[in-house]
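Trainee: Input: one structure, supplied below.
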There are 2 protein chains.
Amino acid sequence: MASILVVGSIALDSVKTPKGSSQEALGGSAVYFSLSAGFFAGVSVVGVIGEDFPQTHRKFLESRQIDLTGLEVVRGGKTFRWVGEFGKDLNQAHTLETHLNVIEHFQPKLQPHHKETKVLFLANIDPDLQWEVLSQMSGPEIVACDTMNFWIHSKPAALKELLAHVHLFFVNEEEARLLTKEENIFKAGRVLSEWGPEVVVIKKGEHGALLLAEGRYYAFPAFPVENVVDPTGAGDTFAGGFLGYLASDGNFKDAQSWKRAAVHGSVMASFTVEDFSTRRLEKLSSSLIENRYQKFLELLRVEDPAQILQITV
Amino acid sequence: MASILVVGSIALDSVKTPKGSSQEALGGSAVYFSLSAGFFAGVSVVGVIGEDFPQTHRKFLESRQIDLTGLEVVRGGKTFRWVGEFGKDLNQAHTLETHLNVIEHFQPKLQPHHKETKVLFLANIDPDLQWEVLSQMSGPEIVACDTMNFWIHSKPAALKELLAHVHLFFVNEEEARLLTKEENIFKAGRVLSEWGPEVVVIKKGEHGALLLAEGRYYAFPAFPVENVVDPTGAGDTFAGGFLGYLASDGNFKDAQSWKRAAVHGSVMASFTVEDFSTRRLEKLSSSLIENRYQKFLELLRVEDPAQILQITV
C-alpha cells in the first residue's frame with residue numbers, strides 16, 4: 001500500500017517563459033507532487049481527468065508505480081487546462097487562462113485503501129474539497145496542505161478552519177503575508193502556526209524556504225540553479241520531496257528530520273525548474289537526487305573550528 | 001597597528017521606516033563597517049567630516065578603539081547627509097535627499113601606517129576615489145570593495161577597471177543584475193568573477209547572501225529577525241563582520257573560512273537592523289555576537305544519518 005495520498009489537480013499546461021514554451025504538457029499539483037514524492041515512497045493520487053487526457057501521460061505515471069486507482073475519468077469531459085507565462089522575474093507566474101473543465105464538479109471519493117494512508121497531502125484545490133478528503137480519512141499520521149491566493153481571497157474562513165486540522169502547511173511568501181496581513185515574514189509564519197499547523201513551511205522560490213517548528217525558525221537557501229527554464233510546479237515538487245522523504249524516514253516529530261525533508265524538497269524543486277513541464281523529473285534517477293542532496297549538504301556545511309576541536313579532543 | 005583600513009562615508013542620516021524615524025543620526029558606510037569589523041579586529045578609517053560633526057559621535061567611535069587619525073575635518077564644512085525612507089518592503093531604500101557637502105571634494109590621503117594595512121575595504125564611494133586609495137597602498141593581502149547603482153550608471157568603466165584589482169566584491173542582487181545585464185543571479189555572479197574578484201558576495205537582504213568562490217556557489221539564508229526596525233547600514237555591517245572575521249582568522253584562501261566569514265557578516269547585519277542608526281551596534285558585546293553565531297550554525301546544521309554513521313563507525 002502506498003504511504004502517501006495526494007489529492008490535487010491533473011492538468012495540461014501551456015507555459016511560456018523567457019527560455020521557450022510548452023503546449024498542453026503534463027502538469028498539475030498532484031502530478032508534480034507524486035512524481036517527486038514517488039522517488040522516496042509509494043504514492044496514490046486522487047484526482048480527475050477528462051477523456052482527452054493523453055494515454056502516454058497515464059502510462060508514464062503508472063511506469064513510476066504511482067497508484068492511479070483514485071483517478072476519476074469523466075466521460076466526454078475535458079481535462080483541466082492552465083495557460084500561464086513567466087516574465088524575466090521567474091518568481092511570479094502570470095495566469096493567462098484557466099479552464100477548470102472536469103475539476104469544476106469534482107467530488108473526491110476515497111477508496112478503502114486510500115483512507116488508511118499514513119501521509120496525506122491536500123494540494124492546492126478548493127478548501128471545501130480538501131476538507132471533504134480529510135474527513136474521509138481514518139486518521140493519517142501527517143496531514144499537509146497547500147493553497148493559493150485565489151482561495152485566500154474567496155474562502156478565507158474555510159481555509160483557516162482547515163489549518164486547525166493540519167500538521168504541515170506549505171505556503172509561499174506572498175500568500176503567507178496575504179493570509180495573515182503581517183508584512184514581516186517571520187511574524188506571518190508565527191500567526192499561521194498559531195492557527196494550528198505544527199510545522200509551517202514558507203516557500204520563497206529562488207530564495208529558498210523557511211521552516212517554523214516547535215517555535216523555532218530554520219532557514220534554507222535554494223540550491224543554486226543557473227539555468228531556470230520553467231518554474232511551473234516547483235512548489236508541489238518541493239512538497240513532494242519534503243513529504244516523500246518524511247514518509248521514508250518515518251520520523252514526523254524531529255526537527256533534524258524536518259530539516260532533511262526541507263533539503264530534499266529543495267533538491268527536487270531545483271531539478272524541476274531546469275526544464276519545461278515534468279521533463280526533468282522524467283529523466284531523473286535516485287542516484288542523481290542523492291548526488292545533488294550531498295552537494296547541498298556540503299554547500300550548507302559550515303565548519304566551526306571550536307566545534308571541530310571539541311570533537312577531536 | 002590596525003589590520004583593516006576602510007575608506008567610505010561618515011554621515012548624518014535621517015531615516016523614516018514603518019517602525020519610526022531617526023534624525024541626523026550617526027551613519028555612513030565607513031561607520032557601520034568599522035563598528036562591525038571592530039568587534040573582530042583593529043580598524044582604521046579614512047574619511048571626511050565637517051566641523052558640525054557631533055563630538056559625541058567621534059568619542060563613541062574612539063571608545064571602540066577605531067583609529068580616526070585618517071579622519072579629515074573640513075574647516076567650516078558640513079558633514080555628508082542622507083535622508084531616506086523605507087516602505088513596507090524593507091528591502092528597498094528610497095533616497096529623498098543627498099547632501100554630499102564635504103564629500104564632494106574629498107581627496108583621500110593615506111598616512112604611512114594606513115598603507116601597510118593587510119585588509120582594505122573600499123566602501124561605496126566614487127570608483128575613482130576607491131582607485132586612488134588602492135594605488136596608495138603598499139600591497140594589502142585582501143582588497144574588498146562595494147558600490148551602488150549610482151556608480152554603476154555613471155562610471156561603469158572605472159568600476160569594471162577597479163574590479164580587476166579586487167579580491168572580494170560585495171554587491172547587492174539588483175546591482176549585480178544591473179552591472180552584468182544578466183537576469184539569473186548565479187550567472188551574474190559568474191560574470192562578475194570573470195572580471196577579476198576571487199570571491200563575489202551577493203547580498204540579498206532578508207533573503208541572505210550568495211558566495212561565489214573557486215567557481216562554486218555557497219548560499220546562506222539571513223538570520224531570522226522578527227522585528228526589523230531600520231535596514232540602513234545592513235550591507236556595510238555585513239561586510240564589516242565578513243572582513244573583520246577574515247582578518248582575525250588570517251586565512252584568506254579557504255572556502256570554509258569564507259563561509260564562516262559570511263555567517264559572521266549575517267550575524268552582524270541581523271543586529272544592525274533591530275534598531276535605528278548604530279544603536280544596536282552600540283549596545284552589542286562579543287558574547288552576544290558569539291551567542292547568535294552559534295544559534296546560526298545550529299540553524300544551518302543538517303545532520304545526515306549516513307554521515308553520522310561514517311563518523312561513529
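Within each chain, counting starts at residue 1; across the C-alpha cells, chains are named A, B, ... in the order shown, with ligands numbered 1 upward in that order.
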Enumerate as a ChimeraX atom specification the residues belonging to chain B that approach chain A to within 6 Å, with only C-alpha atoms taken into account.

Mentor: /B:186,207,218-221,226,299

Trainee: Rank nothing, just name the residue among A:Ala164, A:Ala269, A:Ala158, A:Ala30 nearest to Asp230 in chain A, using only C-alpha atoms.

Mentor: A:Ala269

Trainee: Excluding same-chain residues fewer than 5 positions from Val43 in chain A, what lies within 12 Å of it counting only C-alpha atoms, as a compact mmCIF listing (two decimals) with C-alpha atoms, in the first residue's frame?

Mentor:
```
# COMPACT_ATOMS: atom_id res chain seq x y z
CA MET A 1 0.00 0.00 0.00
CA ALA A 2 1.16 3.48 -0.81
CA SER A 3 2.26 5.53 2.18
CA ILE A 4 1.25 8.91 0.73
CA LEU A 5 -2.11 10.02 -0.62
CA VAL A 6 -2.32 13.23 -2.65
CA VAL A 7 -5.44 15.00 -3.80
CA ALA A 30 -0.92 16.21 -7.90
CA VAL A 31 1.28 15.26 -10.84
CA TYR A 32 4.36 17.26 -9.80
CA PHE A 33 3.89 16.17 -6.20
CA SER A 34 3.54 12.46 -6.92
CA LEU A 35 6.41 12.32 -9.42
CA SER A 36 8.64 13.95 -6.82
CA ALA A 37 7.43 12.02 -3.75
CA GLY A 38 7.47 8.81 -5.79
CA LEU A 61 2.69 7.93 -14.29
CA GLU A 62 1.94 4.22 -13.97
CA ARG A 64 6.59 5.31 -11.91
CA GLN A 65 4.49 2.97 -9.71
CA ILE A 66 2.04 5.80 -8.91
CA ASP A 67 -1.29 4.32 -7.87
CA LEU A 68 -3.96 5.81 -10.16
CA THR A 69 -6.93 3.80 -8.89
CA GLY A 70 -8.24 7.07 -7.45
CA HIS A 113 -7.08 1.65 0.71
CA HIS A 114 -6.78 5.45 0.37
CA THR A 117 -2.72 6.07 4.14
CA LYS A 118 -0.22 7.45 6.70
CA VAL A 119 0.62 10.72 4.96
CA LEU A 120 -1.97 12.93 3.30
CA PHE A 121 -1.15 15.88 1.06
CA GLY A 240 6.72 16.03 -2.83
CA GLY A 241 10.39 15.80 -1.89
CA LEU A 243 6.77 14.59 2.38
CA GLY A 244 8.30 11.76 0.35
CA ALA A 247 7.37 9.15 4.73
CA SER A 248 10.54 7.17 4.02
```

Trainee: Out of range 99-310 of chain A, which residues get strand (DSSP E or B) from DSSP, as JSON, numbers by chain?

Mentor: {"A": [99, 119, 120, 121, 122, 142, 143, 144, 145, 168, 169, 170, 171, 172, 199, 200, 201, 202, 203, 209, 210, 211, 212, 213, 216, 217, 218, 219, 220]}

Trainee: Kindly save the residues from that selection, with C-alpha atoms included, as an mmCIF file, in the first residue's frame.

Mentor:
```
data_model
loop_
_atom_site.group_PDB
_atom_site.id
_atom_site.type_symbol
_atom_site.label_atom_id
_atom_site.label_comp_id
_atom_site.auth_asym_id
_atom_site.auth_seq_id
_atom_site.Cartn_x
_atom_site.Cartn_y
_atom_site.Cartn_z
ATOM 1 C CA HIS A 99 -10.183 26.169 -17.881
ATOM 2 C CA VAL A 119 0.621 10.716 4.956
ATOM 3 C CA LEU A 120 -1.972 12.927 3.301
ATOM 4 C CA PHE A 121 -1.151 15.877 1.057
ATOM 5 C CA LEU A 122 -4.012 18.200 0.239
ATOM 6 C CA ILE A 142 0.635 13.530 8.920
ATOM 7 C CA VAL A 143 -1.785 15.861 7.153
ATOM 8 C CA ALA A 144 -0.198 18.535 4.992
ATOM 9 C CA CYS A 145 -1.806 21.126 2.772
ATOM 10 C CA LEU A 168 2.108 20.806 7.995
ATOM 11 C CA PHE A 169 1.234 23.875 5.979
ATOM 12 C CA PHE A 170 3.131 24.695 2.782
ATOM 13 C CA VAL A 171 2.608 28.301 1.768
ATOM 14 C CA ASN A 172 4.515 30.754 -0.332
ATOM 15 C CA VAL A 199 5.143 22.929 11.088
ATOM 16 C CA VAL A 200 4.837 25.888 8.725
ATOM 17 C CA VAL A 201 6.963 25.826 5.578
ATOM 18 C CA ILE A 202 7.220 29.150 3.764
ATOM 19 C CA LYS A 203 8.412 28.736 0.185
ATOM 20 C CA ALA A 209 12.453 28.285 2.295
ATOM 21 C CA LEU A 210 11.735 28.945 5.951
ATOM 22 C CA LEU A 211 10.652 26.214 8.321
ATOM 23 C CA LEU A 212 8.925 27.045 11.598
ATOM 24 C CA ALA A 213 8.707 24.126 14.014
ATOM 25 C CA ARG A 216 11.965 27.890 16.095
ATOM 26 C CA TYR A 217 12.826 29.114 12.641
ATOM 27 C CA TYR A 218 15.126 27.247 10.291
ATOM 28 C CA ALA A 219 16.106 28.923 7.047
ATOM 29 C CA PHE A 220 17.318 27.282 3.854
#
```

Trainee: Could you pull the residues within 10 Å of Pro156 in chain B, counting only C-alpha atoms, minus those fewer than 6 positions along the same chain, as an NGL selection string?

Mentor: :B and (127 or 149-150 or 162 or 179)

Trainee: Taking the DSSP secondary structure from the backbone, can you list the residues of range 35-264 of chain B that are alpha helix (DSSP H), as a PyMOL selection string?

Mentor: chain B and resi 35-37+55-63+112-115+127-136+149-154+156-163+173-180+185-194+234-249+255-264
